[in-house]
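Quick notes on the structure that follows.
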Amino acid sequence: MTNEKISTQILKVFANSPFTAFNHKQISSKIGAYDKGTRQLVLMTILEMAEDKILVEEGRGKYKINPKHINDDLLPKNYIVGTIDMKQTGKAYVIPENEEREDVMIAPNYTRHALHGDTVKVLMFPQRKMHKPEGQVVEILHRAKTRFVGRIQKMEKFAFLVCDNRNMVVDIFIPLSDLGGAEDGEKAVVEMTDWPEQMNNPVGRVVKRLGQPGDNNVEMQSILAEYDFPLDFPAEAEKEAAAIKKPTKKEMEGRRDFRKTTTFTIDPADAKDFDDAISFKRLKNGNYEVGVHIADVSHYVHPGSAIDREAYERGTSVYLVDRTIPMLPEKLCNGVCSLSPDADKLCFSAVFEMNDRAEVLDRWFGKTVIRSDRRYCYEEAQKIIENEDENQNANRDEADKAVLELHKLATILRSQRYKEGAINFESQEVKFQLDENAKPIGVYIKEQKEANWLIEEFMLLANKNVAEWAGKAGKSNSDGKTSKTSKAKTFVYRVHDEPNPEKLNTFVEFVTKLGFKMKVNSRKALADSYNRLFEQIAGRGEEYMIDNIAIRTMSKAYYSTENIGHYGLAFPFYTHFTSPIRRYPDLMVHRLLERYLDGGSNVSADEYEEYCKHCSLMEKKAADAERTSVKYKQAEYLSDKLGQVFQANISGVSKWGLYAEIEGSKCEGMIAIGSLKGDYYMLDEDNYQVIGRRYGKCYKLGDPVRIRVKNVDMLKKLIDFELVEESGEGSDTSHTAKTNKASKSNKTNKTRDSKKSKDTRKSKKSKKR
């Protein structure tokens, strides 16, 4: 047998029994290796696989397969590997790792103690006519999580944790001895310790008491714990951070000095971590020198340090409504690394020579020292741009003048991007006005204007050029220029695949029914169609709904060492270089760029691909946590407005009812289909509406409606509305909805989460380039 054949057969044996440990003699017997030479080859292959972490040693000389290395190719044809998507009813779907295969339906009695997000091995049942693929879970290869957040229900002799996450369909049994002092009704974090085969519920213990439900701090900590973000930094990381000092003169030696060049930052008014600054200088030849200066986090955070290990685990900073959970300790993110004004700061910079047509004539990457002259908030920079007056230019300081010149260049860069096929997806960020107790007293949509675009364009320019330098085999020295003779090195890219054809066709059909046309015959035609569509719907009732459904047609951006380009930006090379204070991939990019500029050797693509996967996962978790905090605050905002009437737009339709989004606040709630009066309403899925069977009255996606706030469940973050008819009820702001029976509300809450994937409910997507 060849080495390759032996490796494949060994892996299949381990994959078919992922929880069983084998020694080399047992493996030899199972694959029919009986002669001494072949058995020795089996042993050597197993040892190599253990060294490559494909196998994990379990006791002396015995090994099990690493679950990450199990895939469909290693299993018999009637088995698959995939991820569990658990529904509230207990039914589940397994999403196969092989994207070409259909999802597999798992009945509640065949889930074998699998939980939402777990990686499982599934035995496929024979295909039944007119049915989805079906199967049963036979092995749990990897638990997605073992810690859960919820409320304690204390009985006389035991207790349960009722989980906040509605995808967690079982309560966790807790012996009284493992309550850790938690009282009935408190919120807590529980570690699942066991799930005996004969028990219906897993067993767990309280690892952290959070406090009483409804308290703002408790609820925010609950969200963080639910998505596995730590609430504190380890003592070792804090100790390392405390020892870091301001940069010395010696540390500044050898760096390109920009302290006498006009430099400024533009950030949100409440920002504390300034990780990027821009410098501007007019050159003697009439061109411009534009520097994009990024905090040199890699100078302070070294691979393998306690700070680095914790930053990697977190992967990103998390921005909840009322707080930021930083990736780095505060001493770094808000202190030493932050590019605050009037202080010498160490940076890693991308410097460009540009002409007045915004063409890049030359570029340089390297370590620098800067001293920011000015800290603008976006509103201040926007005011300068809007009040530009040639007659007053002479009276402006150098930083103000630089803002105006850079705005002109950014406008050209932005226009050029769209001409080359970039798609203009504009995200809408919900922001809250909070009182001293973090209670929302107002909600508004954060608007993106020219000042935001200025920073965005130069950050995109830096990210694109750094990726291009690495991807086009940048020459390994510090001049930052490109050589076609050198070989491309392993690098971290931000990639975005082209849209799924099936989703795209569905979207085109959808907007066609609404009266809009799209061309899909080429990549450029599609991008132009998207941008034209967004212009046409601007200010219309269906704008937000179409925006969000359009985003859903797109693939999700992620990190990878395999560059496929960025479809949405129309960049063949793209990375994240500009935010190492809050994103771990940017820190990896800084280290790799410095290594290659200094002529360093290549790194392992497999190793960095694993880092990329982890960072993509943590990015998704952070976005989910942020959305959950917004939903909680929206529910809290409406909790004292029961019975009040608001103007809204229908944002989704399903067999359970209508979803409506209040104008301005973006608070979304459900109008139960049974509460619609005057007819029996049914879902018309093809036309995105519900329609009355007898009289034909319909409620369609995007339609304006008036709603009354009927019920708010803050703990479940669910809001119920009822439709206000046109018969003069519009001015009714009474609070009679407070008296609605709880049983009706609970029934509505249960049904909304049982809708199938074919429902057309609008979902909120957090886009991050």
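Here, A, B, ... name the chains of the structure tokens in the order displayed, residue numbers run from 1 inside each chain, and ligands are numbered from 1 in the same displayed order.
Looking only at region 229-362 of chain A, the set that DSSP places in alpha helix (DSSP H) from backbone geometry is Ala235, Glu236, Ala237, Glu238, Lys239, Glu240, Ala241, Ala242, Ala243, Lys249, Lys250, Glu251, Met252, Val297, Ser298, His299, Tyr300, Ala306, Ile307, Asp308, Arg309, Glu310, Ala311, Tyr312, Glu313, Arg314 and Glu330 of chain A.
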_If we count only C-alpha atoms and set the cut-off at 6 Å, which residues sit around Ser651 (chain A), ignoring sequence neighbours fewer than 4 positions away in its own chain? Please answer as a ChimeraX atom specification._
/A:545,659-661,701,762
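Here CA of Leu409 (chain A) is placed at a distance of 7.2 Å from CA of Arg357 (chain A).
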*region 530-762 of chain A: which residues are strand (DSSP E) by DSSP, as a ChimeraX atom specification?*
/A:558-560,645-654,657-662,668-672,681-684,689-692,698-700,704-713,718-723
Generate a file of the selected residues that holds N, CA and C atoms, formatted as a short mmCIF file (atom, residue, chain, number, x, y, z; two decimals), in the first residue's frame.
```
data_model
loop_
_atom_site.label_atom_id
_atom_site.label_comp_id
_atom_site.auth_asym_id
_atom_site.auth_seq_id
_atom_site.Cartn_x
_atom_site.Cartn_y
_atom_site.Cartn_z
N TYR A 558 -15.30 37.53 4.94
CA TYR A 558 -14.61 36.79 5.99
C TYR A 558 -13.10 36.90 5.77
N TYR A 559 -12.34 36.36 6.70
CA TYR A 559 -10.88 36.40 6.62
C TYR A 559 -10.35 35.07 6.10
N SER A 560 -9.33 35.13 5.26
CA SER A 560 -8.76 33.91 4.70
C SER A 560 -7.36 34.18 4.16
N VAL A 645 -49.55 54.92 19.57
CA VAL A 645 -49.65 54.64 18.13
C VAL A 645 -48.46 55.27 17.39
N PHE A 646 -47.92 54.52 16.43
CA PHE A 646 -46.77 54.98 15.65
C PHE A 646 -46.98 54.66 14.18
N GLN A 647 -46.33 55.46 13.34
CA GLN A 647 -46.29 55.16 11.92
C GLN A 647 -45.18 54.14 11.68
N ALA A 648 -45.48 53.12 10.85
CA ALA A 648 -44.50 52.05 10.62
C ALA A 648 -44.59 51.58 9.18
N ASN A 649 -43.66 50.72 8.79
CA ASN A 649 -43.68 50.06 7.49
C ASN A 649 -43.62 48.55 7.70
N ILE A 650 -44.34 47.81 6.86
CA ILE A 650 -44.29 46.36 6.95
C ILE A 650 -42.91 45.90 6.51
N SER A 651 -42.20 45.24 7.40
CA SER A 651 -40.81 44.85 7.14
C SER A 651 -40.66 43.36 6.89
N GLY A 652 -41.72 42.59 7.08
CA GLY A 652 -41.64 41.16 6.83
C GLY A 652 -43.03 40.54 6.88
N VAL A 653 -43.19 39.44 6.18
CA VAL A 653 -44.46 38.70 6.22
C VAL A 653 -44.16 37.22 6.43
N SER A 654 -45.02 36.54 7.18
CA SER A 654 -44.87 35.11 7.39
C SER A 654 -46.25 34.52 7.65
N GLY A 657 -47.82 36.06 10.74
CA GLY A 657 -48.29 37.44 10.80
C GLY A 657 -47.39 38.39 10.05
N LEU A 658 -47.57 39.68 10.36
CA LEU A 658 -46.79 40.74 9.74
C LEU A 658 -45.73 41.23 10.72
N TYR A 659 -44.60 41.67 10.19
CA TYR A 659 -43.59 42.35 11.00
C TYR A 659 -43.57 43.79 10.53
N ALA A 660 -43.61 44.69 11.48
CA ALA A 660 -43.63 46.12 11.16
C ALA A 660 -42.50 46.81 11.89
N GLU A 661 -41.93 47.80 11.21
CA GLU A 661 -40.80 48.55 11.77
C GLU A 661 -41.21 50.01 11.90
N ILE A 662 -41.12 50.52 13.12
CA ILE A 662 -41.52 51.89 13.39
C ILE A 662 -40.56 52.86 12.72
N GLU A 668 -38.85 46.93 15.74
CA GLU A 668 -39.64 45.99 14.96
C GLU A 668 -40.45 45.08 15.87
N GLY A 669 -41.70 44.89 15.52
CA GLY A 669 -42.57 44.00 16.28
C GLY A 669 -43.44 43.18 15.36
N MET A 670 -44.17 42.22 15.94
CA MET A 670 -45.02 41.36 15.13
C MET A 670 -46.50 41.67 15.36
N ILE A 671 -47.23 41.67 14.25
CA ILE A 671 -48.69 41.77 14.28
C ILE A 671 -49.21 40.38 13.97
N ALA A 672 -49.77 39.70 14.97
CA ALA A 672 -50.23 38.32 14.77
C ALA A 672 -51.30 38.29 13.69
N TYR A 681 -56.93 35.86 6.85
CA TYR A 681 -55.76 36.21 6.04
C TYR A 681 -54.81 35.02 5.88
N MET A 682 -54.23 34.93 4.67
CA MET A 682 -53.29 33.85 4.37
C MET A 682 -52.03 34.44 3.74
N LEU A 683 -50.93 33.70 3.87
CA LEU A 683 -49.66 34.15 3.31
C LEU A 683 -49.61 33.89 1.80
N ASP A 684 -49.32 34.94 1.05
CA ASP A 684 -49.03 34.82 -0.39
C ASP A 684 -47.53 35.02 -0.52
N GLN A 689 -46.78 39.10 0.63
CA GLN A 689 -47.93 39.76 1.23
C GLN A 689 -48.81 38.73 1.93
N VAL A 690 -49.70 39.23 2.80
CA VAL A 690 -50.79 38.41 3.30
C VAL A 690 -52.06 38.98 2.70
N ILE A 691 -52.98 38.11 2.35
CA ILE A 691 -54.18 38.54 1.62
C ILE A 691 -55.42 37.91 2.22
N GLY A 692 -56.48 38.71 2.32
CA GLY A 692 -57.74 38.23 2.86
C GLY A 692 -58.43 37.29 1.89
N CYS A 698 -55.08 43.20 1.08
CA CYS A 698 -53.74 42.65 1.28
C CYS A 698 -52.84 43.64 2.01
N TYR A 699 -51.88 43.08 2.72
CA TYR A 699 -50.82 43.85 3.38
C TYR A 699 -49.51 43.35 2.81
N LYS A 700 -48.77 44.26 2.16
CA LYS A 700 -47.60 43.86 1.40
C LYS A 700 -46.32 44.43 2.03
N PRO A 704 -46.95 51.19 4.17
CA PRO A 704 -47.04 51.98 5.41
C PRO A 704 -48.27 51.55 6.21
N VAL A 705 -48.13 51.46 7.51
CA VAL A 705 -49.25 51.11 8.39
C VAL A 705 -49.13 51.92 9.68
N ARG A 706 -50.24 51.99 10.40
CA ARG A 706 -50.21 52.58 11.75
C ARG A 706 -50.38 51.43 12.74
N ILE A 707 -49.51 51.42 13.73
CA ILE A 707 -49.56 50.32 14.69
C ILE A 707 -49.70 50.87 16.12
N ARG A 708 -50.21 50.02 16.98
CA ARG A 708 -50.27 50.33 18.40
C ARG A 708 -49.38 49.33 19.15
N VAL A 709 -48.59 49.80 20.08
CA VAL A 709 -47.73 48.91 20.87
C VAL A 709 -48.63 48.12 21.83
N LYS A 710 -48.64 46.81 21.65
CA LYS A 710 -49.54 45.93 22.41
C LYS A 710 -48.86 45.30 23.61
N ASN A 711 -47.65 44.80 23.42
CA ASN A 711 -46.96 44.13 24.52
C ASN A 711 -45.46 44.15 24.27
N VAL A 712 -44.69 44.24 25.34
CA VAL A 712 -43.23 44.21 25.26
C VAL A 712 -42.71 43.21 26.30
N ASP A 713 -41.93 42.24 25.82
CA ASP A 713 -41.26 41.29 26.71
C ASP A 713 -39.77 41.60 26.65
N LEU A 718 -38.82 40.78 22.75
CA LEU A 718 -39.88 40.65 21.75
C LEU A 718 -40.92 41.75 21.93
N ILE A 719 -41.42 42.23 20.81
CA ILE A 719 -42.39 43.32 20.81
C ILE A 719 -43.61 42.89 19.99
N ASP A 720 -44.81 43.11 20.53
CA ASP A 720 -46.05 42.80 19.82
C ASP A 720 -46.78 44.10 19.48
N PHE A 721 -47.23 44.18 18.23
CA PHE A 721 -48.03 45.32 17.78
C PHE A 721 -49.43 44.84 17.42
N GLU A 722 -50.34 45.80 17.30
CA GLU A 722 -51.63 45.53 16.67
C GLU A 722 -51.90 46.65 15.68
N LEU A 723 -52.61 46.29 14.62
CA LEU A 723 -52.87 47.24 13.54
C LEU A 723 -53.93 48.23 13.97
#
```
_Two-atom distance - CA of Ile370 (chain A), CA of Arg256 (chain A) (Å)_ = 8.8 Å
Write out as a PDB file with N, CA and C atoms, in the first residue's frame each polymer residue whose atoms come within 12 Å of Asn563 (chain A), counting only C-alpha atoms; drop sequence neighbours fewer than 5 positions from it.
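The new file selection_38.pdb reads:
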```
ATOM      1  N   ALA A 467      -2.741  44.900   0.792  1.00  0.00           N
ATOM      2  CA  ALA A 467      -3.070  43.562   0.274  1.00  0.00           C
ATOM      3  C   ALA A 467      -2.479  43.339  -1.103  1.00  0.00           C
ATOM      4  N   GLU A 468      -2.529  44.371  -1.917  1.00  0.00           N
ATOM      5  CA  GLU A 468      -1.985  44.275  -3.273  1.00  0.00           C
ATOM      6  C   GLU A 468      -0.481  44.030  -3.222  1.00  0.00           C
ATOM      7  N   ALA A 470       1.239  42.564  -0.854  1.00  0.00           N
ATOM      8  CA  ALA A 470       1.491  41.185  -0.425  1.00  0.00           C
ATOM      9  C   ALA A 470       1.048  40.191  -1.490  1.00  0.00           C
ATOM     10  N   GLY A 471      -0.103  40.427  -2.088  1.00  0.00           N
ATOM     11  CA  GLY A 471      -0.666  39.474  -3.046  1.00  0.00           C
ATOM     12  C   GLY A 471       0.038  39.451  -4.380  1.00  0.00           C
ATOM     13  N   LYS A 472       0.649  40.584  -4.730  1.00  0.00           N
ATOM     14  CA  LYS A 472       1.403  40.631  -5.990  1.00  0.00           C
ATOM     15  C   LYS A 472       2.881  40.380  -5.775  1.00  0.00           C
ATOM     16  N   ALA A 488       4.769  35.381  -3.988  1.00  0.00           N
ATOM     17  CA  ALA A 488       3.768  35.843  -3.025  1.00  0.00           C
ATOM     18  C   ALA A 488       3.866  35.026  -1.746  1.00  0.00           C
ATOM     19  N   LYS A 489       3.688  35.715  -0.603  1.00  0.00           N
ATOM     20  CA  LYS A 489       3.784  35.075   0.709  1.00  0.00           C
ATOM     21  C   LYS A 489       2.392  34.864   1.298  1.00  0.00           C
ATOM     22  N   THR A 490       2.330  33.984   2.288  1.00  0.00           N
ATOM     23  CA  THR A 490       1.078  33.786   3.023  1.00  0.00           C
ATOM     24  C   THR A 490       0.660  35.101   3.663  1.00  0.00           C
ATOM     25  N   PHE A 491      -0.610  35.468   3.502  1.00  0.00           N
ATOM     26  CA  PHE A 491      -1.102  36.746   4.025  1.00  0.00           C
ATOM     27  C   PHE A 491      -2.542  36.583   4.475  1.00  0.00           C
ATOM     28  N   VAL A 492      -3.013  37.535   5.274  1.00  0.00           N
ATOM     29  CA  VAL A 492      -4.393  37.529   5.750  1.00  0.00           C
ATOM     30  C   VAL A 492      -5.196  38.502   4.891  1.00  0.00           C
ATOM     31  N   TYR A 493      -6.175  37.988   4.166  1.00  0.00           N
ATOM     32  CA  TYR A 493      -7.021  38.808   3.290  1.00  0.00           C
ATOM     33  C   TYR A 493      -8.435  38.912   3.855  1.00  0.00           C
ATOM     34  N   ARG A 494      -9.080  39.998   3.511  1.00  0.00           N
ATOM     35  CA  ARG A 494     -10.513  40.147   3.760  1.00  0.00           C
ATOM     36  C   ARG A 494     -11.192  39.862   2.431  1.00  0.00           C
ATOM     37  N   VAL A 495     -11.919  38.752   2.344  1.00  0.00           N
ATOM     38  CA  VAL A 495     -12.463  38.323   1.056  1.00  0.00           C
ATOM     39  C   VAL A 495     -13.992  38.326   1.074  1.00  0.00           C
ATOM     40  N   HIS A 496     -14.547  38.448  -0.109  1.00  0.00           N
ATOM     41  CA  HIS A 496     -16.007  38.503  -0.267  1.00  0.00           C
ATOM     42  C   HIS A 496     -16.359  37.838  -1.589  1.00  0.00           C
ATOM     43  N   ASP A 497     -17.060  36.722  -1.519  1.00  0.00           N
ATOM     44  CA  ASP A 497     -17.359  35.939  -2.716  1.00  0.00           C
ATOM     45  C   ASP A 497     -18.533  36.554  -3.479  1.00  0.00           C
ATOM     46  N   ALA A 557     -18.610  38.534   4.013  1.00  0.00           N
ATOM     47  CA  ALA A 557     -17.168  38.740   3.971  1.00  0.00           C
ATOM     48  C   ALA A 557     -16.518  38.000   5.131  1.00  0.00           C
ATOM     49  N   TYR A 558     -15.300  37.530   4.937  1.00  0.00           N
ATOM     50  CA  TYR A 558     -14.605  36.790   5.990  1.00  0.00           C
ATOM     51  C   TYR A 558     -13.102  36.904   5.767  1.00  0.00           C
ATOM     52  N   PHE A 571     -12.509  44.982  -5.477  1.00  0.00           N
ATOM     53  CA  PHE A 571     -11.059  44.988  -5.321  1.00  0.00           C
ATOM     54  C   PHE A 571     -10.532  43.570  -5.509  1.00  0.00           C
ATOM     55  N   PRO A 572      -9.533  43.356  -6.369  1.00  0.00           N
ATOM     56  CA  PRO A 572      -8.946  42.021  -6.482  1.00  0.00           C
ATOM     57  C   PRO A 572      -8.091  41.661  -5.273  1.00  0.00           C
ATOM     58  N   PHE A 573      -7.607  42.675  -4.532  1.00  0.00           N
ATOM     59  CA  PHE A 573      -6.829  42.451  -3.314  1.00  0.00           C
ATOM     60  C   PHE A 573      -7.371  43.367  -2.221  1.00  0.00           C
ATOM     61  N   TYR A 574      -7.600  42.793  -1.051  1.00  0.00           N
ATOM     62  CA  TYR A 574      -8.114  43.608   0.055  1.00  0.00           C
ATOM     63  C   TYR A 574      -7.773  42.930   1.371  1.00  0.00           C
ATOM     64  N   THR A 575      -7.478  43.737   2.386  1.00  0.00           N
ATOM     65  CA  THR A 575      -7.191  43.208   3.722  1.00  0.00           C
ATOM     66  C   THR A 575      -7.715  44.205   4.747  1.00  0.00           C
ATOM     67  N   ALA A 605       0.579  28.630   5.826  1.00  0.00           N
ATOM     68  CA  ALA A 605      -0.763  29.010   5.381  1.00  0.00           C
ATOM     69  C   ALA A 605      -1.826  28.283   6.193  1.00  0.00           C
ATOM     70  N   GLU A 609      -4.646  30.101   8.360  1.00  0.00           N
ATOM     71  CA  GLU A 609      -6.039  29.884   7.955  1.00  0.00           C
ATOM     72  C   GLU A 609      -6.899  29.566   9.175  1.00  0.00           C
TER      73      GLU A 609
END
```
*Nearby residues (only C-alpha atoms) at most 10 Å from Glu619 (chain A), same-chain spacing under 2 positions excluded, as a list of chain:residue names*: A:Arg314, A:Gly315, A:Thr316, A:Ser317, A:Val318, A:Tyr558, A:Tyr559, A:Arg583, A:Tyr584, A:Lys613, A:His614, A:Cys615, A:Ser616, A:Leu617, A:Lys621, A:Ala622, A:Ala623, A:Asp624, A:Ala625, A:Lys768
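Counting from CA of Asp275 (chain A), the distance to CA of Arg375 (chain A) is 12.0 Å.
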*Counting only C-alpha atoms, which of A:Leu361, A:Val589, A:Met252, A:Leu533 gets nearest to Asn287 (chain A)?*
A:Leu361
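Here the question is which of A:Gly568, A:Gly421, A:Pro329, A:Gly539 gets nearest to Pro499 (chain A) using only C-alpha atoms, and that residue is A:Gly568.
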*Pick out the residues sitting within 8 Å of region 507-511 of chain A, and hand them over as number ranges by chain; count only C-alpha atoms, and ignore anything fewer than 3 positions along from it in its own chain.*
A: 503-504, 514-518, 546, 549-550, 553, 687
Selection export as an mmCIF file, in the first residue's frame, atoms kept: N, CA, C and O atoms:
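New file part.cif:
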```cif
data_model
loop_
_atom_site.group_PDB
_atom_site.id
_atom_site.type_symbol
_atom_site.label_atom_id
_atom_site.label_comp_id
_atom_site.auth_asym_id
_atom_site.auth_seq_id
_atom_site.Cartn_x
_atom_site.Cartn_y
_atom_site.Cartn_z
ATOM 1 N N LYS A 503 -30.060 32.852 -4.721
ATOM 2 C CA LYS A 503 -30.538 33.995 -3.935
ATOM 3 C C LYS A 503 -30.667 35.230 -4.815
ATOM 4 O O LYS A 503 -31.604 36.019 -4.674
ATOM 5 N N LEU A 504 -29.712 35.391 -5.722
ATOM 6 C CA LEU A 504 -29.725 36.557 -6.604
ATOM 7 C C LEU A 504 -30.947 36.528 -7.516
ATOM 8 O O LEU A 504 -31.638 37.547 -7.673
ATOM 9 N N LEU A 514 -41.936 44.529 -7.766
ATOM 10 C CA LEU A 514 -42.164 45.843 -7.173
ATOM 11 C C LEU A 514 -41.974 46.964 -8.194
ATOM 12 O O LEU A 514 -42.095 48.146 -7.859
ATOM 13 N N GLY A 515 -41.649 46.587 -9.451
ATOM 14 C CA GLY A 515 -41.545 47.580 -10.512
ATOM 15 C C GLY A 515 -40.143 48.064 -10.822
ATOM 16 O O GLY A 515 -39.970 49.068 -11.518
ATOM 17 N N PHE A 516 -39.128 47.377 -10.308
ATOM 18 C CA PHE A 516 -37.743 47.778 -10.571
ATOM 19 C C PHE A 516 -37.068 46.743 -11.470
ATOM 20 O O PHE A 516 -37.376 45.560 -11.414
ATOM 21 N N LYS A 517 -36.134 47.214 -12.282
ATOM 22 C CA LYS A 517 -35.446 46.315 -13.209
ATOM 23 C C LYS A 517 -33.980 46.169 -12.815
ATOM 24 O O LYS A 517 -33.345 47.138 -12.373
ATOM 25 N N MET A 518 -33.462 44.968 -13.002
ATOM 26 C CA MET A 518 -32.051 44.716 -12.736
ATOM 27 C C MET A 518 -31.448 43.882 -13.857
ATOM 28 O O MET A 518 -32.112 42.987 -14.386
ATOM 29 N N ILE A 546 -35.875 46.744 1.096
ATOM 30 C CA ILE A 546 -35.111 46.296 -0.073
ATOM 31 C C ILE A 546 -33.616 46.283 0.240
ATOM 32 O O ILE A 546 -32.893 45.366 -0.156
ATOM 33 N N ILE A 549 -32.904 43.081 2.232
ATOM 34 C CA ILE A 549 -33.024 41.854 1.439
ATOM 35 C C ILE A 549 -31.882 41.782 0.426
ATOM 36 O O ILE A 549 -31.355 40.702 0.144
ATOM 37 N N ALA A 550 -31.472 42.946 -0.116
ATOM 38 C CA ALA A 550 -30.345 42.976 -1.049
ATOM 39 C C ALA A 550 -29.076 42.474 -0.373
ATOM 40 O O ALA A 550 -28.300 41.704 -0.957
ATOM 41 N N THR A 553 -28.764 38.766 -0.235
ATOM 42 C CA THR A 553 -28.382 38.039 -1.454
ATOM 43 C C THR A 553 -26.866 37.882 -1.544
ATOM 44 O O THR A 553 -26.373 37.045 -2.298
ATOM 45 N N ASN A 687 -45.696 36.782 -3.580
ATOM 46 C CA ASN A 687 -45.850 38.226 -3.746
ATOM 47 C C ASN A 687 -45.574 39.005 -2.465
ATOM 48 O O ASN A 687 -45.912 40.187 -2.369
#
```
*With only C-alpha atoms as the basis for distance, which of A:Ser665, A:Thr265, A:Ser298, A:Gln212 is at the shortest distance from Cys337 (chain A)?*
A:Ser298
*asked:* List the spatial neighbours of Lys246 (chain A) as number ranges by chain - criterion: any atom at most 9 Å away, only C-alpha atoms, same-chain residues fewer than 6 positions off excluded.
replied: A: 335-337, 344-345
*Which residues come within 8 Å of Arg143 (chain A), counting only C-alpha atoms, excluding same-chain residues fewer than 3 positions away, as a count of residues only?*
6
Would you write out, as JSON lines, a table of all residues in region 76-107 of chain A that have an atom no more than 8 Å from an atom of region 169-185 of chain A, listing for each the closest atom pair and the distance in Å to one decimal, considering only C-alpha atoms and ordering rows by chain and rising residue number?
```
{"residue": "A:Met86", "atom": "CA", "partner": "A:Val169", "partner_atom": "CA", "distance": 8.0}
{"residue": "A:Lys87", "atom": "CA", "partner": "A:Val169", "partner_atom": "CA", "distance": 7.8}
{"residue": "A:Gln88", "atom": "CA", "partner": "A:Val169", "partner_atom": "CA", "distance": 5.9}
{"residue": "A:Thr89", "atom": "CA", "partner": "A:Val169", "partner_atom": "CA", "distance": 7.4}
{"residue": "A:Gly90", "atom": "CA", "partner": "A:Val169", "partner_atom": "CA", "distance": 6.1}
```
